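Asks: Hey, dropping start07.tsv in here, TSV, C-alpha atoms:
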chain	number	residue	atom	x	y	z
A	1	MET	CA	-53.98	-34.30	-120.61
A	2	ALA	CA	-53.94	-32.23	-123.78
A	3	ASP	CA	-54.87	-35.36	-125.74
A	4	THR	CA	-58.32	-35.38	-124.11
A	5	LEU	CA	-59.18	-31.87	-125.31
A	6	PRO	CA	-61.35	-31.26	-128.36
A	7	ASN	CA	-59.22	-29.99	-131.22
A	8	LEU	CA	-59.20	-26.32	-132.19
A	9	LYS	CA	-62.01	-26.61	-134.72
A	10	GLN	CA	-64.16	-28.63	-132.31
A	11	GLN	CA	-63.60	-26.05	-129.57
A	12	LEU	CA	-64.63	-23.21	-131.85
A	13	ALA	CA	-67.71	-25.16	-132.97
A	14	GLN	CA	-68.81	-25.65	-129.36
A	15	LEU	CA	-68.21	-22.00	-128.47
A	16	VAL	CA	-70.18	-20.76	-131.48
A	17	ALA	CA	-72.99	-23.21	-130.62
A	18	SER	CA	-73.30	-21.67	-127.14
A	19	PRO	CA	-75.35	-18.45	-127.62
A	20	SER	CA	-74.04	-15.47	-125.63
A	21	VAL	CA	-75.62	-12.38	-127.17
A	22	SER	CA	-75.38	-9.24	-125.06
A	23	ALA	CA	-77.70	-6.42	-126.00
A	24	THR	CA	-79.23	-3.27	-124.57
A	25	ASP	CA	-82.65	-4.76	-125.42
A	26	PRO	CA	-83.55	-7.11	-122.52
A	27	LYS	CA	-85.48	-9.37	-124.92
A	28	LEU	CA	-82.25	-10.12	-126.80
A	29	ASP	CA	-79.78	-10.13	-123.92
A	30	MET	CA	-78.38	-13.49	-122.80
A	31	GLY	CA	-75.88	-14.84	-120.31
A	32	ASN	CA	-72.44	-16.22	-121.11
A	33	ARG	CA	-72.18	-19.02	-118.57
A	34	GLY	CA	-72.24	-21.71	-121.25
A	35	VAL	CA	-69.17	-20.24	-122.93
A	36	VAL	CA	-67.08	-19.69	-119.80
A	37	GLU	CA	-67.98	-23.13	-118.44
A	38	LEU	CA	-66.72	-24.75	-121.64
A	39	LEU	CA	-63.48	-22.79	-121.40
A	40	ALA	CA	-63.13	-23.64	-117.72
A	41	ALA	CA	-63.46	-27.37	-118.38
A	42	TRP	CA	-60.87	-27.33	-121.15
A	43	LEU	CA	-58.39	-25.22	-119.19
A	44	GLU	CA	-58.77	-27.33	-116.06
A	45	THR	CA	-57.87	-30.34	-118.18
A	46	LEU	CA	-54.62	-28.59	-119.07
A	47	GLY	CA	-53.82	-27.88	-115.42
A	48	PHE	CA	-54.95	-24.27	-115.16
A	49	ALA	CA	-56.39	-23.10	-111.85
A	50	VAL	CA	-59.82	-21.81	-112.84
A	51	GLU	CA	-62.12	-19.29	-111.19
A	52	LEU	CA	-65.52	-18.05	-112.33
A	53	MET	CA	-66.48	-14.56	-111.16
A	54	PRO	CA	-70.24	-13.89	-111.54
A	55	LEU	CA	-71.05	-10.26	-112.28
A	56	PRO	CA	-72.72	-8.35	-109.45
A	57	ASP	CA	-76.50	-8.85	-109.58
A	58	GLN	CA	-76.12	-10.89	-112.81
A	59	PRO	CA	-75.35	-14.50	-111.84
A	60	HIS	CA	-76.06	-15.67	-115.42
A	61	LYS	CA	-72.99	-13.70	-116.54
A	62	ALA	CA	-69.43	-14.31	-115.38
A	63	ASN	CA	-65.78	-13.62	-116.01
A	64	LEU	CA	-63.28	-16.48	-116.13
A	65	ILE	CA	-59.73	-16.24	-114.77
A	66	ALA	CA	-57.60	-19.30	-115.56
A	67	THR	CA	-53.99	-19.37	-114.36
A	68	LEU	CA	-51.15	-21.71	-115.31
A	69	SER	CA	-48.12	-21.42	-113.04
A	70	SER	CA	-45.23	-23.43	-111.69
A	71	GLY	CA	-45.55	-22.28	-108.10
A	72	GLY	CA	-43.55	-19.09	-108.65
A	73	PRO	CA	-44.74	-15.53	-108.02
A	74	ALA	CA	-48.53	-15.23	-108.01
A	75	ASP	CA	-48.38	-11.73	-109.48
A	76	GLY	CA	-46.93	-10.83	-112.85
A	77	GLY	CA	-46.90	-12.75	-116.08
A	78	LEU	CA	-48.99	-12.50	-119.21
A	79	VAL	CA	-52.76	-12.22	-119.71
A	80	LEU	CA	-54.39	-13.43	-122.92
A	81	ALA	CA	-57.84	-11.86	-122.78
A	82	GLY	CA	-61.04	-11.75	-124.74
A	83	HIS	CA	-64.77	-11.22	-124.39
A	84	THR	CA	-67.23	-14.09	-124.65
A	85	ASP	CA	-70.34	-12.19	-125.73
A	86	THR	CA	-71.50	-11.41	-129.26
A	87	VAL	CA	-73.75	-8.79	-130.78
A	88	PRO	CA	-77.28	-9.72	-131.92
A	89	TYR	CA	-77.67	-11.13	-135.44
A	90	ASP	CA	-79.92	-10.82	-138.48
A	91	GLU	CA	-80.90	-14.43	-138.99
A	92	GLY	CA	-82.47	-13.92	-142.40
A	93	LEU	CA	-79.28	-12.43	-143.81
A	94	TRP	CA	-77.02	-15.38	-142.90
A	95	GLN	CA	-76.30	-18.06	-145.50
A	96	SER	CA	-75.82	-20.58	-142.68
A	97	ASP	CA	-76.95	-21.08	-139.09
A	98	PRO	CA	-75.16	-18.41	-136.99
A	99	PHE	CA	-74.82	-20.93	-134.14
A	100	LYS	CA	-73.42	-23.78	-136.22
A	101	LEU	CA	-69.79	-23.52	-137.31
A	102	ASP	CA	-69.63	-23.77	-141.10
A	103	ASP	CA	-66.28	-24.74	-142.62
A	104	ARG	CA	-66.25	-23.55	-146.22
A	105	ASP	CA	-63.93	-21.65	-148.56
A	106	SER	CA	-61.07	-21.99	-146.02
A	107	ARG	CA	-63.09	-19.95	-143.55
A	108	PHE	CA	-64.89	-20.70	-140.30
A	109	TYR	CA	-68.32	-19.05	-140.42
A	110	GLY	CA	-70.33	-18.48	-137.26
A	111	LEU	CA	-71.51	-15.78	-134.88
A	112	GLY	CA	-68.50	-14.65	-132.86
A	113	SER	CA	-65.99	-16.58	-134.96
A	114	THR	CA	-63.86	-13.46	-135.42
A	115	ASP	CA	-65.29	-11.17	-132.70
A	116	MET	CA	-64.08	-12.89	-130.75
A	117	LYS	CA	-64.70	-16.47	-129.69
A	118	GLY	CA	-62.12	-17.64	-132.23
A	119	PHE	CA	-59.32	-16.20	-130.10
A	120	PHE	CA	-59.87	-18.66	-127.24
A	121	PRO	CA	-59.11	-21.96	-129.05
A	122	ILE	CA	-56.04	-20.26	-130.52
A	123	ALA	CA	-54.89	-19.16	-127.07
A	124	ILE	CA	-55.48	-22.68	-125.73
A	125	GLU	CA	-53.53	-24.17	-128.64
A	126	ALA	CA	-50.60	-21.88	-127.84
A	127	ALA	CA	-50.83	-22.62	-124.12
A	128	LYS	CA	-50.65	-26.39	-124.70
A	129	THR	CA	-46.99	-26.01	-125.72
A	130	PHE	CA	-46.09	-24.78	-122.24
A	131	VAL	CA	-48.01	-27.25	-120.07
A	132	GLY	CA	-45.53	-29.02	-117.82
A	133	LYS	CA	-42.75	-26.52	-118.45
A	134	PRO	CA	-41.26	-24.48	-115.59
A	135	LEU	CA	-42.90	-21.07	-115.98
A	136	ARG	CA	-40.99	-18.14	-114.50
A	137	GLN	CA	-44.21	-16.06	-114.52
A	138	PRO	CA	-47.84	-17.20	-114.71
A	139	LEU	CA	-49.87	-17.45	-117.90
A	140	ILE	CA	-53.45	-16.23	-117.48
A	141	ILE	CA	-56.28	-16.82	-119.94
A	142	LEU	CA	-59.10	-14.42	-119.19
A	143	ALA	CA	-62.64	-14.37	-120.58
A	144	THR	CA	-65.01	-11.48	-119.88
A	145	ALA	CA	-68.74	-10.81	-120.10
A	146	ASP	CA	-70.71	-7.95	-121.65
A	147	GLU	CA	-67.98	-6.20	-123.64
A	148	GLU	CA	-70.40	-5.49	-126.50
A	149	THR	CA	-72.76	-3.48	-124.30
A	150	SER	CA	-71.75	-2.24	-120.85
A	151	MET	CA	-68.13	-3.38	-120.32
A	152	ALA	CA	-69.50	-4.74	-117.03
A	153	GLY	CA	-67.09	-7.66	-117.05
A	154	ALA	CA	-64.01	-5.47	-117.43
A	155	ARG	CA	-65.32	-3.02	-114.82
A	156	ALA	CA	-65.81	-5.89	-112.36
A	157	LEU	CA	-62.19	-6.94	-112.85
A	158	VAL	CA	-60.97	-3.40	-112.16
A	159	ASP	CA	-63.15	-3.21	-109.03
A	160	ALA	CA	-61.64	-6.49	-107.82
A	161	GLY	CA	-58.11	-5.48	-108.80
A	162	ARG	CA	-57.65	-8.71	-110.71
A	163	PRO	CA	-55.80	-10.23	-112.35
A	164	LYS	CA	-52.44	-8.91	-111.24
A	165	ALA	CA	-50.09	-9.21	-114.18
A	166	ARG	CA	-47.44	-7.23	-116.04
A	167	TYR	CA	-48.62	-7.70	-119.62
A	168	ALA	CA	-51.98	-8.12	-121.36
A	169	VAL	CA	-52.93	-9.01	-124.93
A	170	ILE	CA	-56.56	-8.38	-125.95
A	171	GLY	CA	-57.37	-10.71	-128.85
A	172	GLU	CA	-59.83	-8.46	-130.70
A	173	PRO	CA	-59.81	-8.67	-134.53
A	174	THR	CA	-56.81	-6.65	-135.75
A	175	GLY	CA	-55.63	-8.71	-138.72
A	176	LEU	CA	-52.53	-9.94	-136.85
A	177	LYS	CA	-51.29	-6.35	-136.38
A	178	PRO	CA	-50.46	-5.03	-132.90
A	179	ILE	CA	-52.57	-2.06	-131.83
A	180	HIS	CA	-51.15	0.34	-129.25
A	181	MET	CA	-53.80	3.04	-129.37
A	182	HIS	CA	-57.54	3.50	-129.89
A	183	LYS	CA	-60.17	6.15	-129.34
A	184	GLY	CA	-62.65	6.14	-126.50
A	185	MET	CA	-66.40	5.81	-126.68
A	186	MET	CA	-69.25	7.88	-125.23
A	187	MET	CA	-72.97	7.51	-125.97
A	188	GLU	CA	-74.98	10.43	-124.62
A	189	SER	CA	-78.57	11.63	-124.43
A	190	VAL	CA	-80.11	15.11	-124.28
A	191	ARG	CA	-83.78	15.26	-123.26
A	192	ILE	CA	-85.76	18.48	-123.34
A	193	SER	CA	-89.26	18.72	-121.86
A	194	GLY	CA	-91.56	21.64	-122.55
A	195	LYS	CA	-95.32	21.95	-122.78
A	196	SER	CA	-97.57	20.81	-125.60
A	197	GLY	CA	-100.47	22.89	-126.89
A	198	HIS	CA	-102.36	23.95	-129.98
A	199	SER	CA	-99.96	25.09	-132.68
A	200	SER	CA	-102.15	28.08	-133.59
A	201	ASN	CA	-100.96	29.94	-130.48
A	202	PRO	CA	-97.31	29.44	-129.43
A	203	ALA	CA	-98.03	31.05	-126.07
A	204	LEU	CA	-100.09	27.98	-125.10
A	205	GLY	CA	-96.97	25.83	-124.76
A	206	ALA	CA	-93.18	25.67	-124.73
A	207	ASN	CA	-91.63	24.09	-127.80
A	208	ALA	CA	-89.03	21.48	-126.88
A	209	LEU	CA	-88.02	20.96	-130.50
A	210	GLU	CA	-87.09	24.62	-130.96
A	211	ALA	CA	-85.01	24.43	-127.79
A	212	MET	CA	-83.30	21.33	-129.13
A	213	HIS	CA	-82.26	23.42	-132.13
A	214	ASP	CA	-80.24	25.58	-129.72
A	215	ALA	CA	-78.82	22.49	-128.01
A	216	ILE	CA	-77.70	21.01	-131.34
A	217	ALA	CA	-76.06	24.27	-132.36
A	218	THR	CA	-74.16	24.20	-129.07
A	219	LEU	CA	-73.01	20.63	-129.61
A	220	LEU	CA	-71.72	21.48	-133.08
A	221	ARG	CA	-69.79	24.44	-131.67
A	222	VAL	CA	-68.26	22.22	-128.99
A	223	ARG	CA	-67.32	19.67	-131.64
A	224	ALA	CA	-65.57	22.32	-133.72
A	225	GLU	CA	-63.70	23.62	-130.66
A	226	TRP	CA	-62.56	20.13	-129.63
A	227	GLN	CA	-61.40	19.34	-133.16
A	228	ALA	CA	-59.39	22.55	-133.22
A	229	GLN	CA	-57.90	21.85	-129.79
A	230	TYR	CA	-57.16	18.10	-129.99
A	231	ARG	CA	-55.34	16.28	-132.78
A	232	ASN	CA	-53.41	13.01	-132.98
A	233	PRO	CA	-51.82	12.16	-136.35
A	234	GLY	CA	-51.56	8.51	-135.30
A	235	PHE	CA	-55.23	8.01	-136.20
A	236	ALA	CA	-56.75	7.82	-139.67
A	237	VAL	CA	-59.29	10.40	-138.44
A	238	PRO	CA	-56.88	12.50	-136.36
A	239	VAL	CA	-59.49	14.50	-134.41
A	240	PRO	CA	-62.19	13.55	-131.91
A	241	THR	CA	-65.56	12.98	-133.55
A	242	MET	CA	-69.13	13.67	-132.48
A	243	ASN	CA	-72.01	12.03	-134.33
A	244	LEU	CA	-75.61	13.17	-133.87
A	245	GLY	CA	-77.15	9.74	-134.25
A	246	CYS	CA	-80.91	9.94	-133.72
A	247	ILE	CA	-83.61	12.34	-132.59
A	248	HIS	CA	-87.22	11.80	-131.57
A	249	GLY	CA	-89.83	14.30	-130.52
A	250	GLY	CA	-93.38	15.48	-130.79
A	251	ASP	CA	-96.31	13.57	-132.21
A	252	ASN	CA	-98.15	15.78	-134.74
A	253	PRO	CA	-97.44	18.85	-136.88
A	254	ASN	CA	-100.34	20.81	-135.36
A	255	ARG	CA	-99.23	20.32	-131.73
A	256	ILE	CA	-96.49	22.25	-129.96
A	257	CYS	CA	-93.70	19.74	-129.31
A	258	GLY	CA	-93.69	18.92	-125.61
A	259	HIS	CA	-90.73	16.55	-125.48
A	260	THR	CA	-87.74	15.60	-127.61
A	261	GLU	CA	-84.60	13.51	-127.18
A	262	LEU	CA	-81.31	13.52	-129.07
A	263	GLN	CA	-78.77	10.69	-128.80
A	264	PHE	CA	-75.19	11.19	-129.95
A	265	ASP	CA	-71.78	9.65	-129.60
A	266	VAL	CA	-68.29	11.05	-129.03
A	267	ARG	CA	-65.02	9.29	-129.91
A	268	PRO	CA	-62.37	11.06	-127.82
A	269	LEU	CA	-58.61	10.86	-128.36
A	270	PRO	CA	-56.16	9.61	-125.72
A	271	GLY	CA	-55.76	12.33	-123.12
A	272	MET	CA	-59.41	13.44	-123.30
A	273	MET	CA	-61.00	12.17	-120.09
A	274	LEU	CA	-64.69	11.28	-120.17
A	275	ASP	CA	-65.58	13.01	-116.88
A	276	ASP	CA	-64.06	16.28	-118.11
A	277	LEU	CA	-65.87	16.06	-121.45
A	278	ARG	CA	-69.21	15.35	-119.80
A	279	ALA	CA	-68.79	18.22	-117.36
A	280	GLU	CA	-68.20	20.63	-120.25
A	281	LEU	CA	-71.15	19.29	-122.24
A	282	ASP	CA	-73.44	19.56	-119.22
A	283	ARG	CA	-72.41	23.18	-118.58
A	284	ARG	CA	-72.69	24.28	-122.21
A	285	LEU	CA	-76.04	22.59	-122.86
A	286	HIS	CA	-77.68	24.06	-119.77
A	287	ALA	CA	-76.34	27.48	-120.69
A	288	ALA	CA	-77.93	27.14	-124.13
A	289	VAL	CA	-81.40	26.22	-122.85
A	290	GLN	CA	-82.43	28.46	-119.94
A	291	ASP	CA	-86.15	29.08	-120.54
A	292	GLU	CA	-87.92	28.47	-117.22
A	293	LYS	CA	-90.74	26.74	-119.12
A	294	LEU	CA	-88.29	24.08	-120.36
A	295	THR	CA	-86.31	21.35	-118.61
A	296	LEU	CA	-83.08	19.91	-120.04
A	297	ASP	CA	-81.62	16.62	-118.84
A	298	TYR	CA	-78.24	15.48	-120.12
A	299	GLY	CA	-76.40	12.27	-119.28
A	300	PRO	CA	-74.68	9.13	-120.53
A	301	ILE	CA	-76.59	6.23	-122.03
A	302	PHE	CA	-73.86	4.00	-120.56
A	303	LEU	CA	-70.68	4.78	-118.66
A	304	GLY	CA	-68.47	4.79	-121.74
A	305	THR	CA	-64.90	3.67	-122.33
A	306	GLU	CA	-61.80	5.81	-122.04
A	307	ALA	CA	-59.39	6.13	-124.94
A	308	PHE	CA	-56.32	3.88	-124.84
A	309	ALA	CA	-52.66	4.46	-125.57
A	310	GLN	CA	-49.68	2.24	-124.81
A	311	ASP	CA	-46.20	3.71	-125.24
A	312	ARG	CA	-44.74	2.40	-128.49
A	313	ALA	CA	-41.38	2.07	-126.76
A	314	SER	CA	-42.77	-0.40	-124.21
A	315	GLU	CA	-41.38	-3.93	-124.12
A	316	LEU	CA	-44.69	-5.57	-125.01
A	317	VAL	CA	-45.18	-3.42	-128.11
A	318	LYS	CA	-41.63	-4.04	-129.28
A	319	VAL	CA	-41.89	-7.81	-128.84
A	320	ALA	CA	-45.27	-7.91	-130.61
A	321	GLU	CA	-43.89	-5.89	-133.52
A	322	LYS	CA	-40.98	-8.31	-133.88
A	323	LEU	CA	-43.18	-11.41	-133.71
A	324	THR	CA	-45.80	-10.13	-136.17
A	325	GLY	CA	-43.53	-8.22	-138.54
A	326	HIS	CA	-45.87	-5.23	-138.31
A	327	SER	CA	-45.39	-1.83	-136.70
A	328	ALA	CA	-47.92	-0.98	-134.02
A	329	GLU	CA	-50.94	0.92	-135.31
A	330	SER	CA	-54.12	2.58	-134.08
A	331	VAL	CA	-57.80	1.74	-134.58
A	332	ALA	CA	-61.01	3.71	-134.20
A	333	PHE	CA	-63.02	1.07	-132.33
A	334	ALA	CA	-62.97	0.73	-128.54
A	335	THR	CA	-61.89	-2.35	-126.56
A	336	GLU	CA	-61.31	-3.46	-122.97
A	337	ALA	CA	-57.64	-2.43	-123.22
A	338	PRO	CA	-57.91	0.75	-121.08
A	339	TYR	CA	-59.30	-1.30	-118.19
A	340	PHE	CA	-56.29	-3.61	-118.18
A	341	LYS	CA	-53.91	-0.69	-118.56
A	342	SER	CA	-55.58	1.01	-115.58
A	343	MET	CA	-54.56	-2.01	-113.49
A	344	GLY	CA	-50.90	-1.38	-114.28
A	345	MET	CA	-50.40	-3.76	-117.21
A	346	GLU	CA	-48.60	-3.00	-120.43
A	347	THR	CA	-51.39	-3.71	-122.90
A	348	ILE	CA	-51.85	-4.23	-126.63
A	349	VAL	CA	-54.72	-5.32	-128.84
A	350	LEU	CA	-53.77	-8.15	-131.20
A	351	GLY	CA	-55.97	-10.81	-132.76
A	352	PRO	CA	-56.39	-12.97	-135.86
A	353	GLY	CA	-59.71	-11.71	-137.21
A	354	ASP	CA	-60.65	-8.66	-139.26
A	355	ILE	CA	-62.82	-5.88	-137.85
A	356	ASP	CA	-64.58	-5.66	-141.23
A	357	GLN	CA	-66.11	-9.07	-140.45
A	358	ALA	CA	-67.29	-8.12	-136.98
A	359	HIS	CA	-71.01	-7.42	-136.39
A	360	GLN	CA	-71.83	-8.64	-139.91
A	361	PRO	CA	-73.97	-11.46	-141.37
A	362	ASP	CA	-71.80	-14.42	-142.40
A	363	GLU	CA	-69.07	-13.42	-139.97
A	364	TYR	CA	-66.00	-15.58	-140.48
A	365	LEU	CA	-62.45	-16.24	-139.36
A	366	GLY	CA	-59.99	-16.93	-142.16
A	367	GLN	CA	-58.24	-20.22	-141.48
A	368	GLU	CA	-54.94	-18.89	-142.84
A	369	ARG	CA	-54.78	-16.60	-139.79
A	370	ILE	CA	-54.93	-19.37	-137.19
A	371	GLN	CA	-51.43	-20.89	-137.17
A	372	PRO	CA	-49.67	-17.52	-137.51
A	373	MET	CA	-51.62	-16.30	-134.48
A	374	VAL	CA	-50.74	-19.45	-132.53
A	375	LYS	CA	-47.05	-18.81	-133.29
A	376	VAL	CA	-47.30	-15.18	-132.18
A	377	LEU	CA	-48.91	-16.17	-128.89
A	378	GLU	CA	-46.31	-18.89	-128.34
A	379	GLY	CA	-43.63	-16.25	-128.84
A	380	LEU	CA	-45.27	-13.91	-126.33
A	381	ILE	CA	-45.68	-16.68	-123.76
A	382	ASN	CA	-42.08	-17.74	-124.22
A	383	GLN	CA	-40.88	-14.16	-123.77
A	384	PHE	CA	-42.98	-13.15	-120.77
A	385	CYS	CA	-43.66	-16.41	-118.91
A	386	LEU	CA	-40.82	-18.83	-119.65
Produce structure tokens that represent the structure in this file.
Replies:
Amino acid sequence: MADTLPNLKQQLAQLVASPSVSATDPKLDMGNRGVVELLAAWLETLGFAVELMPLPDQPHKANLIATLSSGGPADGGLVLAGHTDTVPYDEGLWQSDPFKLDDRDSRFYGLGSTDMKGFFPIAIEAAKTFVGKPLRQPLIILATADEETSMAGARALVDAGRPKARYAVIGEPTGLKPIHMHKGMMMESVRISGKSGHSSNPALGANALEAMHDAIATLLRVRAEWQAQYRNPGFAVPVPTMNLGCIHGGDNPNRICGHTELQFDVRPLPGMMLDDLRAELDRRLHAAVQDEKLTLDYGPIFLGTEAFAQDRASELVKVAEKLTGHSAESVAFATEAPYFKSMGMETIVLGPGDIDQAHQPDEYLGQERIQPMVKVLEGLINQFCL
């Protein structure tokens, strides 16, 4: 059966050629059905039981759960997981077609090659070794939708309580190093509405921009307090961060500003829960802006992702460290790992690409990373499934 599959390079070429951009801009946002249907066909050929799970109210987007088992326990085993969507691209900055795999300089260039379509052919290559062998626990290859924007695919899995497994490896680009911890992600918005009027008489209006000055001062105080209260030396930046990213308001220097909006992000440490942080921000911001002529609205731009931490003493971390030759580390970027961990799985992030290549023109996967990653996955499958 494996002989009828496209080879690894051919698989990656077909995945790259199937556009699956997810974006907050509806004009750029796409589905991922082409990608998951390719994966489903290949995995069915290998004997995996395959299920597509369309996202609620988004039938053009779906998760894929593919399970290889020998008729043993349905629960347990190992999940090899990745997302199928990519970020948008700057076509004019690419030296080659983003949707055509370009093999040059011992690299595979293409949109999603490292983040993270390249993980799937590698996972399939590792899985081929175990087809027909008596698996003690199932092997699950999982592909999700919308990781780059809403995490809707991972949320749908949590809502469904699937898959049920003991271990999960998220194949994000980590340079072949196991990651046991990363920060969370919040993107928030503060909107203040006042009343416009002629700037010659402040009494004619209520200046939203001046009120935003008080809101910003409050946010900076909260940031300083959180950084004094929370610290984790396992991160390169050991404190939670808050970035004031963009602000818009008013329309002319001779008009009282009637409306302004600030957008900011927070990267919390493990142990800092998003609901608690938002409740504190909501309370502090409303306390800072109490003028009855002004209205303040605060809320998330999207639901956000919790921080992630897997005990370094866990079996999965120890096995991954032995197989890779690297001690487990932390990263600053967020992944789907906390969703899998919330379903009771020991979870790590471990993939062949480099995060420096992600979200960049001329994104590539170094070919020297492929076989080492195949060997690592074979070792994990052997340990946790065979």
Asks: Measuring atom to atom with all atoms listed in the file, identify which of A:Gly34, A:Pro138, A:Pro88, A:Gly245 is nearest to Leu15 in chain A.
Replies: A:Gly34
Asks: Just how far from CA of Tyr167 in chain A is CA of Phe48 in chain A, in Å to one decimal?
Replies: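 Calculated distance between CA of Phe48 in chain A and CA of Tyr167 in chain A is 18.3 Å.
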Asks: Find the residues near Glu346 in chain A: any atom within 8 Å, counting all atoms listed in the file, skip ones fewer than 6 places away on the same chain, and give them as a list in words.
Replies: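 In the requested format, the answer is Arg166, Tyr167, Ala168, Gln310, Ser314 and Leu316 of chain A.
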Asks: List as a list in words: which residues have an atom within 6 Å of (-78.6, 18.5, -124.7), counting only C-alpha atoms?
Replies: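 Residues with an atom at most 6 Å from (-78.6, 18.5, -124.7): Val190, Ala215, Leu285 and Tyr298 of chain A.
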Asks: Extract, using only C-alpha atoms, all DNA, RNA and protein residues at most 10 Å from range 221-225 of chain A, discarding same-chain residues fewer than 6 positions from it, and format them as a PyMOL selection string.
Replies: chain A and resi 215+239-243+266+280-281+284-285
Asks: Grab the CA of Ser96 in chain A to CA of Phe108 in chain A distance for me, in Å with one decimal place.
Replies: 11.2 Å
Asks: Taking (-61.4, -22.3, -131.3) in the file's own coordinates, collect the residues within 10 Å, counting all atoms listed in the file, and hand them back as a PyMOL selection string.
Replies: chain A and resi 6-16+108+113+116-125+370
Asks: What's the 12 Å shell around Ala165 in chain A, counting only C-alpha atoms, without same-chain residues fewer than 3 positions away, as a VMD selection string?
Replies: chain A and resid 65 67 73 to 81 137 to 142 161 to 162 168 to 169 340 to 347 384 to 385
Asks: Go through A:Asp85, A:Glu147, A:Glu368, A:Asp105 and flag the residue nearest Gly353 in chain A, using only C-alpha atoms for the distances.
Replies: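 Checking each of A:Asp85, A:Glu147, A:Glu368, A:Asp105 against Gly353 in chain A, counting only C-alpha atoms, the winner is A:Glu368.
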Asks: I need the residue nearest Thr324 in chain A from this list: A:Thr4, A:Thr84, A:Thr174, A:Ser150. Use only C-alpha atoms for the distance.
Replies: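 Result for the nearest residue to Thr324 in chain A: A:Thr174.
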Asks: Generate N, CA and C atoms for range 346-357 of chain A and emit them as a short mmCIF file (atom, residue, chain, number, x, y, z; two decimals), in the coordinates of the input.
Replies:
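The resulting file, result.cif, is shown below:
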data_model
loop_
_atom_site.label_atom_id
_atom_site.label_comp_id
_atom_site.auth_asym_id
_atom_site.auth_seq_id
_atom_site.Cartn_x
_atom_site.Cartn_y
_atom_site.Cartn_z
N GLU A 346 -48.86 -3.36 -119.05
CA GLU A 346 -48.60 -3.00 -120.43
C GLU A 346 -49.60 -3.79 -121.28
N THR A 347 -50.26 -3.11 -122.20
CA THR A 347 -51.39 -3.71 -122.90
C THR A 347 -51.32 -3.42 -124.39
N ILE A 348 -51.65 -4.42 -125.19
CA ILE A 348 -51.85 -4.23 -126.63
C ILE A 348 -53.12 -4.96 -127.04
N VAL A 349 -53.61 -4.62 -128.21
CA VAL A 349 -54.72 -5.32 -128.84
C VAL A 349 -54.15 -6.04 -130.05
N LEU A 350 -54.37 -7.35 -130.13
CA LEU A 350 -53.77 -8.15 -131.20
C LEU A 350 -54.56 -9.44 -131.36
N GLY A 351 -55.18 -9.61 -132.53
CA GLY A 351 -55.97 -10.81 -132.76
C GLY A 351 -55.97 -11.22 -134.22
N PRO A 352 -56.49 -12.42 -134.52
CA PRO A 352 -56.39 -12.97 -135.86
C PRO A 352 -57.46 -12.51 -136.83
N GLY A 353 -58.59 -12.04 -136.33
CA GLY A 353 -59.71 -11.71 -137.21
C GLY A 353 -59.58 -10.34 -137.85
N ASP A 354 -60.59 -9.97 -138.62
CA ASP A 354 -60.65 -8.66 -139.26
C ASP A 354 -61.88 -7.92 -138.75
N ILE A 355 -61.71 -6.66 -138.38
CA ILE A 355 -62.82 -5.88 -137.85
C ILE A 355 -63.92 -5.71 -138.89
N ASP A 356 -63.57 -5.77 -140.18
CA ASP A 356 -64.58 -5.66 -141.23
C ASP A 356 -65.58 -6.80 -141.17
N GLN A 357 -65.20 -7.93 -140.58
CA GLN A 357 -66.11 -9.07 -140.45
C GLN A 357 -66.98 -8.99 -139.20
#
